[in-house]
Amino acid sequence: MKQLILASASPRRRELMTQIGLTYEVIPSLREEAFTAQDPVMVVKELSNQKAEDIWQQHPEKHATHAVIGADTIVTVDSEILGKPKDAADAERMLRLIQGRTHQVYTGVTFYFCDEEGNETHYSFAVQTDVSVYPMSAEEITAYIESGDPMDKAGAYGIQGAFAAYIRSITGEYNNVVGLPVGRLYQELKAFDIL
């Protein structure tokens with residue numbers, strides 16, 4: 001069994017990992033995020049890999065005993081990738097794009113570890129969830145932005161907070177929309193004998 005390092009500062013990811021009983025250390029990656037892929041699945045795999053790789057390379061002394069987990073979430077609508085809003089105007093633009101329709105949420109997860117022979121290994125996967133949002137009035141969008149909730153979230157909303165009032169339905173894993181598909185993560189860690 002390996003000790004886990006979460007290469008993310010996200011409080012939501014920490015909550016989800018704790019919720020399923022995982023113990024872990026948090027060492028957030030401060031690496032500037034950049035992607036070259038166009039396909040959303042490849043984008044989130046690339047971004048999650050950058051985070052995990054960054055922390056893995058910084059801590060070679062932990063390679064034999066630890067596994068490093070990186071994750072990244074994006075929202076897409078009309079083939080446009082929506083990350084975290086830059087400011088209130090950007091949040092408003094994103095909320096206007098997703099209100100009254102269905103969009104996709106993708107989370108990529110990468111983990112680095114050494115196998116029993118000491119060989120460095122890494123593995124990435126991505127999960128997609130479709131989210132349908134009820135129509136929102138201009139006043140509702142403004143009030144939600146003024147709450148401050150959208151500013152640190154991909155697509156400018158958090159499904160687990162006040163924005164739940166506007167969620168019509170989801171198809172796929174709910175926790176993926178929160179920021180980490182912990183069911184799939186747990187199964188993958190077991191399959192690689194990390195847990």
# chains A, B, ... in the order shown; residues from 1 in each chain; ligands from 1
>>> residues_around(residues="segment 100-104 of chain A", least_positions_apart="3", cutoff="10 Å", atoms="only C-alpha atoms", output="PyMOL selection string")
chain A and resi 40+74-79+81+95-97+128-137+155+166-171+177
>>> closest_atom_pairs(of="segment 15-67 of chain A", to="segment 109-120 of chain A", cutoff="12 Å", atoms="only C-alpha atoms", output="tab-separated table")
residue	atom	partner	partner_atom	distance
A:Val41	CA	A:Val109	CA	10.5
A:Met42	CA	A:Val109	CA	11.0
A:Val43	CA	A:Val109	CA	11.1
A:Val44	CA	A:Val109	CA	7.6
A:Lys45	CA	A:Val109	CA	6.4
A:Glu46	CA	A:Thr110	CA	8.7
A:Leu47	CA	A:Val109	CA	8.7
A:Ser48	CA	A:Val109	CA	5.4
A:Asn49	CA	A:Thr110	CA	5.2
A:Gln50	CA	A:Thr110	CA	8.7
A:Lys51	CA	A:Thr110	CA	8.4
A:Ala52	CA	A:Phe111	CA	6.3
A:Glu53	CA	A:Tyr112	CA	7.1
A:Asp54	CA	A:Tyr112	CA	10.3
A:Ile55	CA	A:Tyr112	CA	9.4
A:Trp56	CA	A:Tyr112	CA	6.8
A:Gln57	CA	A:Tyr112	CA	9.9
A:His59	CA	A:Tyr112	CA	11.5
A:Pro60	CA	A:Phe113	CA	10.7
A:Glu61	CA	A:Cys114	CA	11.8
A:Lys62	CA	A:Phe113	CA	9.3
A:His63	CA	A:Cys114	CA	6.2
A:Ala64	CA	A:Cys114	CA	6.0
A:Thr65	CA	A:Cys114	CA	8.1
A:His66	CA	A:Phe113	CA	6.5
A:Ala67	CA	A:Phe113	CA	4.5
>>> write_last_selection(atoms="N, CA and C atoms", output="mmCIF file, in the first residue's frame")
data_model
loop_
_atom_site.group_PDB
_atom_site.id
_atom_site.type_symbol
_atom_site.label_atom_id
_atom_site.label_comp_id
_atom_site.auth_asym_id
_atom_site.auth_seq_id
_atom_site.Cartn_x
_atom_site.Cartn_y
_atom_site.Cartn_z
ATOM 1 N N VAL A 41 -11.058 15.485 -23.496
ATOM 2 C CA VAL A 41 -10.500 14.349 -22.753
ATOM 3 C C VAL A 41 -8.983 14.462 -22.687
ATOM 4 N N MET A 42 -8.366 14.790 -23.818
ATOM 5 C CA MET A 42 -6.907 14.923 -23.842
ATOM 6 C C MET A 42 -6.443 16.153 -23.054
ATOM 7 N N VAL A 43 -7.243 17.220 -23.066
ATOM 8 C CA VAL A 43 -6.888 18.434 -22.316
ATOM 9 C C VAL A 43 -6.801 18.126 -20.823
ATOM 10 N N VAL A 44 -7.844 17.477 -20.260
ATOM 11 C CA VAL A 44 -7.826 17.228 -18.817
ATOM 12 C C VAL A 44 -6.777 16.188 -18.433
ATOM 13 N N LYS A 45 -6.505 15.246 -19.319
ATOM 14 C CA LYS A 45 -5.414 14.301 -19.040
ATOM 15 C C LYS A 45 -4.075 15.028 -19.017
ATOM 16 N N GLU A 46 -3.885 15.925 -19.981
ATOM 17 C CA GLU A 46 -2.638 16.683 -20.061
ATOM 18 C C GLU A 46 -2.445 17.562 -18.818
ATOM 19 N N LEU A 47 -3.503 18.265 -18.412
ATOM 20 C CA LEU A 47 -3.408 19.155 -17.258
ATOM 21 C C LEU A 47 -3.205 18.384 -15.955
ATOM 22 N N SER A 48 -3.916 17.268 -15.787
ATOM 23 C CA SER A 48 -3.746 16.480 -14.562
ATOM 24 C C SER A 48 -2.352 15.867 -14.513
ATOM 25 N N ASN A 49 -1.840 15.471 -15.674
ATOM 26 C CA ASN A 49 -0.492 14.912 -15.731
ATOM 27 C C ASN A 49 0.548 15.961 -15.328
ATOM 28 N N GLN A 50 0.365 17.198 -15.783
ATOM 29 C CA GLN A 50 1.316 18.259 -15.437
ATOM 30 C C GLN A 50 1.400 18.442 -13.923
ATOM 31 N N LYS A 51 0.255 18.419 -13.240
ATOM 32 C CA LYS A 51 0.236 18.608 -11.788
ATOM 33 C C LYS A 51 0.927 17.446 -11.076
ATOM 34 N N ALA A 52 0.538 16.223 -11.451
ATOM 35 C CA ALA A 52 1.113 15.050 -10.785
ATOM 36 C C ALA A 52 2.612 14.949 -11.058
ATOM 37 N N GLU A 53 3.003 15.179 -12.306
ATOM 38 C CA GLU A 53 4.412 15.092 -12.684
ATOM 39 C C GLU A 53 5.252 16.131 -11.937
ATOM 40 N N ASP A 54 4.706 17.331 -11.779
ATOM 41 C CA ASP A 54 5.404 18.403 -11.088
ATOM 42 C C ASP A 54 5.770 17.981 -9.662
ATOM 43 N N ILE A 55 4.809 17.477 -8.921
ATOM 44 C CA ILE A 55 5.057 17.080 -7.533
ATOM 45 C C ILE A 55 5.924 15.825 -7.477
ATOM 46 N N TRP A 56 5.711 14.888 -8.401
ATOM 47 C CA TRP A 56 6.525 13.667 -8.456
ATOM 48 C C TRP A 56 8.009 14.022 -8.637
ATOM 49 N N GLN A 57 8.283 14.956 -9.553
ATOM 50 C CA GLN A 57 9.670 15.340 -9.819
ATOM 51 C C GLN A 57 10.293 16.115 -8.653
ATOM 52 N N HIS A 59 9.805 15.541 -5.512
ATOM 53 C CA HIS A 59 9.971 14.716 -4.312
ATOM 54 C C HIS A 59 10.459 13.302 -4.639
ATOM 55 N N PRO A 60 11.667 13.176 -5.203
ATOM 56 C CA PRO A 60 12.179 11.838 -5.531
ATOM 57 C C PRO A 60 12.362 10.956 -4.300
ATOM 58 N N GLU A 61 12.528 11.574 -3.133
ATOM 59 C CA GLU A 61 12.705 10.794 -1.904
ATOM 60 C C GLU A 61 11.443 10.017 -1.519
ATOM 61 N N LYS A 62 10.308 10.366 -2.127
ATOM 62 C CA LYS A 62 9.041 9.713 -1.792
ATOM 63 C C LYS A 62 8.631 8.661 -2.832
ATOM 64 N N HIS A 63 9.406 8.485 -3.881
ATOM 65 C CA HIS A 63 9.000 7.603 -4.977
ATOM 66 C C HIS A 63 8.716 6.170 -4.536
ATOM 67 N N ALA A 64 9.509 5.632 -3.635
ATOM 68 C CA ALA A 64 9.335 4.220 -3.248
ATOM 69 C C ALA A 64 8.088 4.001 -2.400
ATOM 70 N N THR A 65 7.626 5.031 -1.693
ATOM 71 C CA THR A 65 6.556 4.834 -0.712
ATOM 72 C C THR A 65 5.256 5.556 -1.026
ATOM 73 N N HIS A 66 5.273 6.438 -2.020
ATOM 74 C CA HIS A 66 4.104 7.290 -2.269
ATOM 75 C C HIS A 66 3.589 7.168 -3.703
ATOM 76 N N ALA A 67 2.333 7.557 -3.860
ATOM 77 C CA ALA A 67 1.736 7.769 -5.181
ATOM 78 C C ALA A 67 1.223 9.202 -5.199
#
>>> select_by_dssp(residues="chain A", states="helix (DSSP H, G or I)", output="ChimeraX atom specification")
/A:11-19,40-58,60-62,88-98,138-146,149-152,154-156,162-166,174-178,182-191
>>> atom_distance(atom1="atom CA of Lys153 of chain A", atom2="atom CA of Ala71 of chain A")
13.5 Å
>>> residues_around(residues="segment 86-89 of chain A", least_positions_apart="3", cutoff="7 Å", atoms="only C-alpha atoms", output="number ranges by chain")
A: 92-93, 145
>>> atom_distance(atom1="atom CA of Gly161 of chain A", atom2="atom CA of Leu180 of chain A")
15.8 Å
>>> select_by_dssp(residues="chain A", states="strand (DSSP E or B)", output="PyMOL selection string")
chain A and resi 3-6+24-26+66-77+80-82+102-114+120-133+167-171
>>> closest_residue(among="A:Met151, A:Tyr24, A:Ile5, A:Met17", to="Val68 of chain A", atoms="only C-alpha atoms")
A:Ile5
>>> residues_around(residues="segment 27-30 of chain A", least_positions_apart="6", cutoff="6 Å", atoms="only C-alpha atoms", output="ChimeraX atom specification")
/A:7-9,51
>>> write_last_selection(atoms="C-alpha atoms", output="tab-separated table (two decimals), in the first residue's frame")
chain	number	residue	atom	x	y	z
A	7	ALA	CA	-1.15	17.57	-6.01
A	8	SER	CA	-4.09	19.97	-5.73
A	9	ALA	CA	-5.11	22.84	-3.47
A	51	LYS	CA	0.24	18.61	-11.79
>>> atom_distance(atom1="atom CA of Glu140 of chain A", atom2="atom CA of Glu173 of chain A")
26.3 Å
>>> residues_around(residues="Arg184 of chain A", least_positions_apart="3", cutoff="12 Å", atoms="only C-alpha atoms", output="PDB file with N, CA and C atoms, in the first residue's frame")
ATOM      1  N   MET A  17     -11.939  13.032  -1.274  1.00  0.00           N
ATOM      2  CA  MET A  17     -11.024  11.952  -0.909  1.00  0.00           C
ATOM      3  C   MET A  17     -11.233  11.536   0.543  1.00  0.00           C
ATOM      4  N   ILE A  20     -14.420   9.311   1.087  1.00  0.00           N
ATOM      5  CA  ILE A  20     -14.368   7.871   0.796  1.00  0.00           C
ATOM      6  C   ILE A  20     -13.308   7.153   1.639  1.00  0.00           C
ATOM      7  N   THR A 107     -13.242  15.644 -16.046  1.00  0.00           N
ATOM      8  CA  THR A 107     -12.151  15.665 -15.072  1.00  0.00           C
ATOM      9  C   THR A 107     -11.132  14.626 -15.495  1.00  0.00           C
ATOM     10  N   GLY A 108      -9.882  15.065 -15.553  1.00  0.00           N
ATOM     11  CA  GLY A 108      -8.773  14.153 -15.812  1.00  0.00           C
ATOM     12  C   GLY A 108      -8.048  13.879 -14.509  1.00  0.00           C
ATOM     13  N   VAL A 109      -7.610  12.645 -14.349  1.00  0.00           N
ATOM     14  CA  VAL A 109      -6.866  12.246 -13.157  1.00  0.00           C
ATOM     15  C   VAL A 109      -5.613  11.501 -13.612  1.00  0.00           C
ATOM     16  N   THR A 110      -4.479  11.843 -13.027  1.00  0.00           N
ATOM     17  CA  THR A 110      -3.219  11.145 -13.313  1.00  0.00           C
ATOM     18  C   THR A 110      -2.578  10.785 -11.988  1.00  0.00           C
ATOM     19  N   SER A 124      -3.230   7.828 -16.619  1.00  0.00           N
ATOM     20  CA  SER A 124      -4.235   8.897 -16.679  1.00  0.00           C
ATOM     21  C   SER A 124      -5.557   8.353 -17.171  1.00  0.00           C
ATOM     22  N   PHE A 125      -6.629   8.934 -16.662  1.00  0.00           N
ATOM     23  CA  PHE A 125      -7.966   8.639 -17.188  1.00  0.00           C
ATOM     24  C   PHE A 125      -8.804   9.905 -17.113  1.00  0.00           C
ATOM     25  N   ALA A 126      -9.918   9.913 -17.830  1.00  0.00           N
ATOM     26  CA  ALA A 126     -10.821  11.064 -17.822  1.00  0.00           C
ATOM     27  C   ALA A 126     -12.254  10.560 -17.708  1.00  0.00           C
ATOM     28  N   VAL A 127     -13.083  11.351 -17.056  1.00  0.00           N
ATOM     29  CA  VAL A 127     -14.490  11.029 -16.871  1.00  0.00           C
ATOM     30  C   VAL A 127     -15.313  12.212 -17.368  1.00  0.00           C
ATOM     31  N   GLN A 128     -16.393  11.917 -18.085  1.00  0.00           N
ATOM     32  CA  GLN A 128     -17.308  12.945 -18.596  1.00  0.00           C
ATOM     33  C   GLN A 128     -18.667  12.825 -17.918  1.00  0.00           C
ATOM     34  N   GLY A 172     -24.193  10.822 -15.517  1.00  0.00           N
ATOM     35  CA  GLY A 172     -22.817  10.472 -15.206  1.00  0.00           C
ATOM     36  C   GLY A 172     -22.552  10.635 -13.728  1.00  0.00           C
ATOM     37  N   GLU A 173     -21.284  10.652 -13.358  1.00  0.00           N
ATOM     38  CA  GLU A 173     -20.904  10.699 -11.948  1.00  0.00           C
ATOM     39  C   GLU A 173     -20.995  12.117 -11.396  1.00  0.00           C
ATOM     40  N   TYR A 174     -21.792  12.277 -10.351  1.00  0.00           N
ATOM     41  CA  TYR A 174     -21.974  13.568  -9.698  1.00  0.00           C
ATOM     42  C   TYR A 174     -20.648  14.130  -9.180  1.00  0.00           C
ATOM     43  N   ASN A 175     -19.856  13.295  -8.503  1.00  0.00           N
ATOM     44  CA  ASN A 175     -18.607  13.779  -7.911  1.00  0.00           C
ATOM     45  C   ASN A 175     -17.620  14.279  -8.956  1.00  0.00           C
ATOM     46  N   ASN A 176     -17.766  13.810 -10.184  1.00  0.00           N
ATOM     47  CA  ASN A 176     -16.930  14.322 -11.270  1.00  0.00           C
ATOM     48  C   ASN A 176     -17.172  15.816 -11.460  1.00  0.00           C
ATOM     49  N   LEU A 180     -13.752  15.633  -8.685  1.00  0.00           N
ATOM     50  CA  LEU A 180     -12.929  14.428  -8.629  1.00  0.00           C
ATOM     51  C   LEU A 180     -13.826  13.194  -8.663  1.00  0.00           C
ATOM     52  N   PRO A 181     -13.722  12.384  -9.718  1.00  0.00           N
ATOM     53  CA  PRO A 181     -14.538  11.162  -9.801  1.00  0.00           C
ATOM     54  C   PRO A 181     -13.966  10.089  -8.868  1.00  0.00           C
ATOM     55  N   GLN A 187     -11.245   2.765  -7.655  1.00  0.00           N
ATOM     56  CA  GLN A 187     -11.135   1.498  -8.389  1.00  0.00           C
ATOM     57  C   GLN A 187      -9.811   1.397  -9.138  1.00  0.00           C
ATOM     58  N   GLU A 188      -9.356   2.500  -9.721  1.00  0.00           N
ATOM     59  CA  GLU A 188      -8.085   2.490 -10.452  1.00  0.00           C
ATOM     60  C   GLU A 188      -6.904   2.299  -9.492  1.00  0.00           C
ATOM     61  N   LEU A 189      -6.941   2.954  -8.339  1.00  0.00           N
ATOM     62  CA  LEU A 189      -5.867   2.783  -7.361  1.00  0.00           C
ATOM     63  C   LEU A 189      -5.812   1.331  -6.875  1.00  0.00           C
ATOM     64  N   LYS A 190      -6.984   0.730  -6.685  1.00  0.00           N
ATOM     65  CA  LYS A 190      -7.006  -0.693  -6.302  1.00  0.00           C
ATOM     66  C   LYS A 190      -6.433  -1.579  -7.391  1.00  0.00           C
ATOM     67  N   ALA A 191      -6.808  -1.298  -8.645  1.00  0.00           N
ATOM     68  CA  ALA A 191      -6.355  -2.120  -9.775  1.00  0.00           C
ATOM     69  C   ALA A 191      -4.840  -2.082  -9.910  1.00  0.00           C
TER      70      ALA A 191
END
>>> residues_around(residues="Val178 of chain A", least_positions_apart="6", cutoff="8 Å", atoms="only C-alpha atoms", output="list in words")
Arg12, Arg13, Gly158, Ile159 and Gln160 of chain A
